[in-house]
Amino acid sequence: MVLAFDRNKRLLLSAGAAGALAALMSACTTSPTRPDVAAGPSPAGGPVPHPEPPRYTGEQPPAAPREFRAAWVSTVANIDWPSRSNAPPAKQQAEAIAILDRARALNLNAIVLQVRPSADAIYPSKLEPWSEFLTGRSGKEPVPAWDPLQFWIAQAHARGLELHAWFNPYRARHGAARTPLAKDHIANTTPQAVKTYGKLLWMDPGEEAASQHTLSVILDVVRRYDIDGVHMDDYFYPYPIEAPAASGGEAAALDTPSWQKPEVEFPDQPSWQRYVRGGGTLDRASWRRQNVDRLIEQIYLGIRREKAWVKFGISPFGIGRPDRRPRGIAGFSQYDKLYADAELWLQKGWLDYLAPQLYWPIAQAPQAYPVLLDYWLAQNTRGRHVWPGLFTSRVADGSAKPFGPNEIVQQIDVTRSRPAAQGHVHFSIAPLMQNRGGLYDRLKAMSYPSAALVPASPWLGDRAPEAPTVTVKRGENGLAVAFGTAKNAVTFAIWARYGDEWRFTVAPAGGGEVVLRDLAGVPARSVVVTAVDRVGNESLRVSAKV
């Protein structure tokens, strides 16, 4: 995840954000999730024209719209949350609620929350210290005591949002850190596994103690928390830094030719020599990739053993292997520099979704968004999800190459024109909170006027949940829809009929009753409801009318 945005990191967290019910009702409008658009253009052909949403009419509504719509929430360096590290818990909670309300009002359906920024934790852990980005000092407990991760999960689920826990696998200290590391930090408890690289501390992927520690941390969260997904970013071996400079190279990797300059070698000589002395036959680059591959496989298998419904997603740098790239694509090689063989992980099925960071505009030919998206879709031979990451933070950010707000809308349209791509992730939530360049308004009106379900993951299970019991009653405020229990359901998908038109919304299971308000004086007169489980399976439909 490129994190070169410190000057733009502050959120405009609005006070008095709408409650969950009001946000739910604001979602009750009409739009398809996947417009019927012809196959995408070449970069020279310009963006896909934004389609007009159709109206859904007829005696029965269509299938529920599906699209993964998420935003990353960065805790490192307080980019997104909390706005400052030493804020009291009540303020941090209010900021979290404002983010979740904003996401729900925009009809997003998932949040990817950074819970491990630098071998530390934003939740109580016996394995790693509290993060200074939460409490102001490494190892310091929040006062009064609270569990931020549990709070985020509960509040997200109450709004019908998935919560994916985002882990940085190897970083041990960020350049923005200011306080001494706690005694129980891995750099102090297992110093041989941690190396200094520029302004960073980095766990050596060649050290078994480092990989096993990361695996233990992730599986501990999977066991203890009701998360919907485990998420890893693009930081495997560190982005190379320019010799003799000592600054991070992740931002430079987005541009050329800065990524071609001489680099400081990562100091993993002890673990490499140990491998060679033990009879290892791989060259150093292949050995490094093997170290990362083993951790990815272990995490995926470990999650499956613990909770089969928890999705595992990875967000690699967006340009593929040099030997497989489409003609005309050029740029930084994560395969050679970060030792991340993302193509292999897709083809082995070691993940449930890939969110490649496609952080370039549609018209930038050497890194053209449509061409890169098609590349990753072609690598997806196991039929996993491919949900590209969008560089939403580049919109009107004051940089030398800002995106206009239409760039993100058009990238969403391009993605929707590929039937094999059913979602996307915004980096990050900040520009959506700020409505930077009017982007929130554009997305609400043009891209997300209706809710959508997260696409199903049938390889994680394909047994449908029980159908819900549904009763409706006309009241002063609209049509009250009450739900009975439905085993294994986490969400209810609701089609409501207003006159001749069907409109779609969702509600969290366990919420009791939803009121569908009149729209332009037209009351809802019937509903069609399904129950949806943790991996996206839908029950049989249940109809009810006044």
# chains A, B, ... in the order shown; residues from 1 in each chain; ligands from 1
$ closest_atom_pairs --of "stretch 311-395 of chain A" --to "stretch 191-208 of chain A" --cutoff "12 Å" --atoms "only C-alpha atoms" --output "CSV"
residue,atom,partner,partner_atom,distance
A:Leu338,CA,A:Pro205,CA,11.0
A:Tyr339,CA,A:Pro205,CA,10.2
A:Ala340,CA,A:Pro205,CA,11.5
$ atom_distance --atom1 "atom CA of A:Ala119" --atom2 "atom CA of A:Tyr235"
12.6 Å
$ residues_around --residues "stretch 217-232 of chain A" --least-positions-apart "6" --cutoff "8 Å" --atoms "only C-alpha atoms" --output "list in words"
Val112, Leu127, Glu128, Gln150, Ile153, Glu162, Leu163, His164, Ala165, Trp166, Phe167, Asn168, Pro169, Ile299, Gly302, Ile303, Glu306, Lys307, Trp309, Val310, Lys311, Phe312, Gly313, Ile314, Ser315 and Arg534 of chain A
$ write_last_selection --atoms "N, CA and C atoms" --output "CSV table (one decimal), in the first residue's frame"
chain,number,residue,atom,x,y,z
A,112,VAL,N,-11.8,-2.4,5.0
A,112,VAL,CA,-10.5,-3.1,5.2
A,112,VAL,C,-9.7,-2.3,6.2
A,127,LEU,N,0.7,-11.3,21.9
A,127,LEU,CA,1.8,-11.5,21.0
A,127,LEU,C,2.5,-10.3,20.5
A,128,GLU,N,1.8,-9.1,20.5
A,128,GLU,CA,2.4,-7.9,20.1
A,128,GLU,C,1.9,-6.7,20.9
A,150,GLN,N,-12.7,-5.1,18.3
A,150,GLN,CA,-14.1,-5.6,18.6
A,150,GLN,C,-15.1,-4.5,18.3
A,153,ILE,N,-15.7,-4.2,14.5
A,153,ILE,CA,-16.4,-5.3,14.0
A,153,ILE,C,-17.9,-5.2,14.3
A,162,GLU,N,-19.1,-5.8,5.9
A,162,GLU,CA,-18.0,-6.7,6.3
A,162,GLU,C,-16.8,-5.9,6.9
A,163,LEU,N,-16.1,-6.6,7.7
A,163,LEU,CA,-14.9,-6.0,8.3
A,163,LEU,C,-13.7,-7.0,8.0
A,164,HIS,N,-12.8,-6.6,7.2
A,164,HIS,CA,-11.6,-7.3,6.9
A,164,HIS,C,-10.4,-6.8,7.7
A,165,ALA,N,-9.7,-7.6,8.4
A,165,ALA,CA,-8.6,-7.2,9.2
A,165,ALA,C,-7.3,-7.2,8.3
A,166,TRP,N,-6.7,-6.1,8.2
A,166,TRP,CA,-5.5,-5.9,7.3
A,166,TRP,C,-4.3,-5.9,8.2
A,167,PHE,N,-3.3,-6.8,7.7
A,167,PHE,CA,-2.1,-7.0,8.4
A,167,PHE,C,-0.9,-6.7,7.5
A,168,ASN,N,0.1,-5.9,8.0
A,168,ASN,CA,1.3,-5.8,7.3
A,168,ASN,C,2.2,-7.0,7.7
A,169,PRO,N,2.6,-7.8,6.8
A,169,PRO,CA,3.3,-9.1,7.2
A,169,PRO,C,4.7,-8.9,7.8
A,299,ILE,N,-0.7,-19.2,5.7
A,299,ILE,CA,-1.8,-18.4,6.2
A,299,ILE,C,-3.1,-18.9,5.6
A,302,GLY,N,-4.1,-22.1,7.2
A,302,GLY,CA,-4.4,-21.9,8.6
A,302,GLY,C,-5.8,-21.3,8.8
A,303,ILE,N,-6.1,-20.3,8.0
A,303,ILE,CA,-7.5,-19.7,8.1
A,303,ILE,C,-8.5,-20.8,7.8
A,306,GLU,N,-9.2,-22.9,10.8
A,306,GLU,CA,-9.8,-22.2,11.9
A,306,GLU,C,-11.2,-21.8,11.7
A,307,LYS,N,-11.5,-21.1,10.6
A,307,LYS,CA,-12.8,-20.6,10.2
A,307,LYS,C,-12.9,-20.6,8.7
A,309,TRP,N,-15.1,-19.9,6.6
A,309,TRP,CA,-15.8,-18.8,5.9
A,309,TRP,C,-15.0,-17.5,5.9
A,310,VAL,N,-13.9,-17.4,6.6
A,310,VAL,CA,-13.1,-16.1,6.6
A,310,VAL,C,-12.3,-16.1,5.3
A,311,LYS,N,-12.5,-15.0,4.5
A,311,LYS,CA,-11.8,-14.8,3.2
A,311,LYS,C,-10.4,-14.3,3.5
A,312,PHE,N,-9.5,-14.7,2.6
A,312,PHE,CA,-8.1,-14.3,2.6
A,312,PHE,C,-7.9,-13.5,1.3
A,313,GLY,N,-7.5,-12.2,1.5
A,313,GLY,CA,-7.2,-11.4,0.3
A,313,GLY,C,-5.8,-10.7,0.4
A,314,ILE,N,-5.3,-10.5,-0.8
A,314,ILE,CA,-3.9,-9.9,-0.9
A,314,ILE,C,-4.0,-8.8,-1.9
A,315,SER,N,-3.3,-7.7,-1.6
A,315,SER,CA,-3.3,-6.5,-2.5
A,315,SER,C,-1.9,-6.2,-3.0
A,534,ARG,N,-22.4,-16.1,5.4
A,534,ARG,CA,-21.1,-15.5,5.5
A,534,ARG,C,-20.3,-15.5,4.2
$ closest_residue --among "A:Ala71, A:Leu134, A:Ile99, A:Leu453" --to "A:Gln434" --atoms "only C-alpha atoms"
A:Ile99
$ closest_residue --among "A:Ser450, A:Thr57, A:Ser118, A:Thr392" --to "A:Thr214" --atoms "only C-alpha atoms"
A:Ser118
$ closest_residue --among "A:Pro240, A:Gly499, A:Gly461, A:Pro142" --to "A:Glu59" --atoms "only C-alpha atoms"
A:Gly499
$ residues_around --residues "A:Gly475" --least-positions-apart "4" --cutoff "9 Å" --atoms "only C-alpha atoms" --output "list in words"
Leu479, Ala480 and Val515 of chain A
$ select_by_dssp --residues "stretch 239-439 of chain A" --states "helix (DSSP H, G or I)" --output "VMD selection string"
chain A and resid 252 to 254 258 to 260 269 to 277 284 to 306 334 to 337 342 to 348 365 to 367 369 to 379 392 to 394 405 to 416 430 to 434 436 to 439
$ residues_around --residues "A:Tyr353" --least-positions-apart "5" --cutoff "6 Å" --atoms "only C-alpha atoms" --output "JSON, numbers by chain"
{"A": [313, 384, 385, 386]}
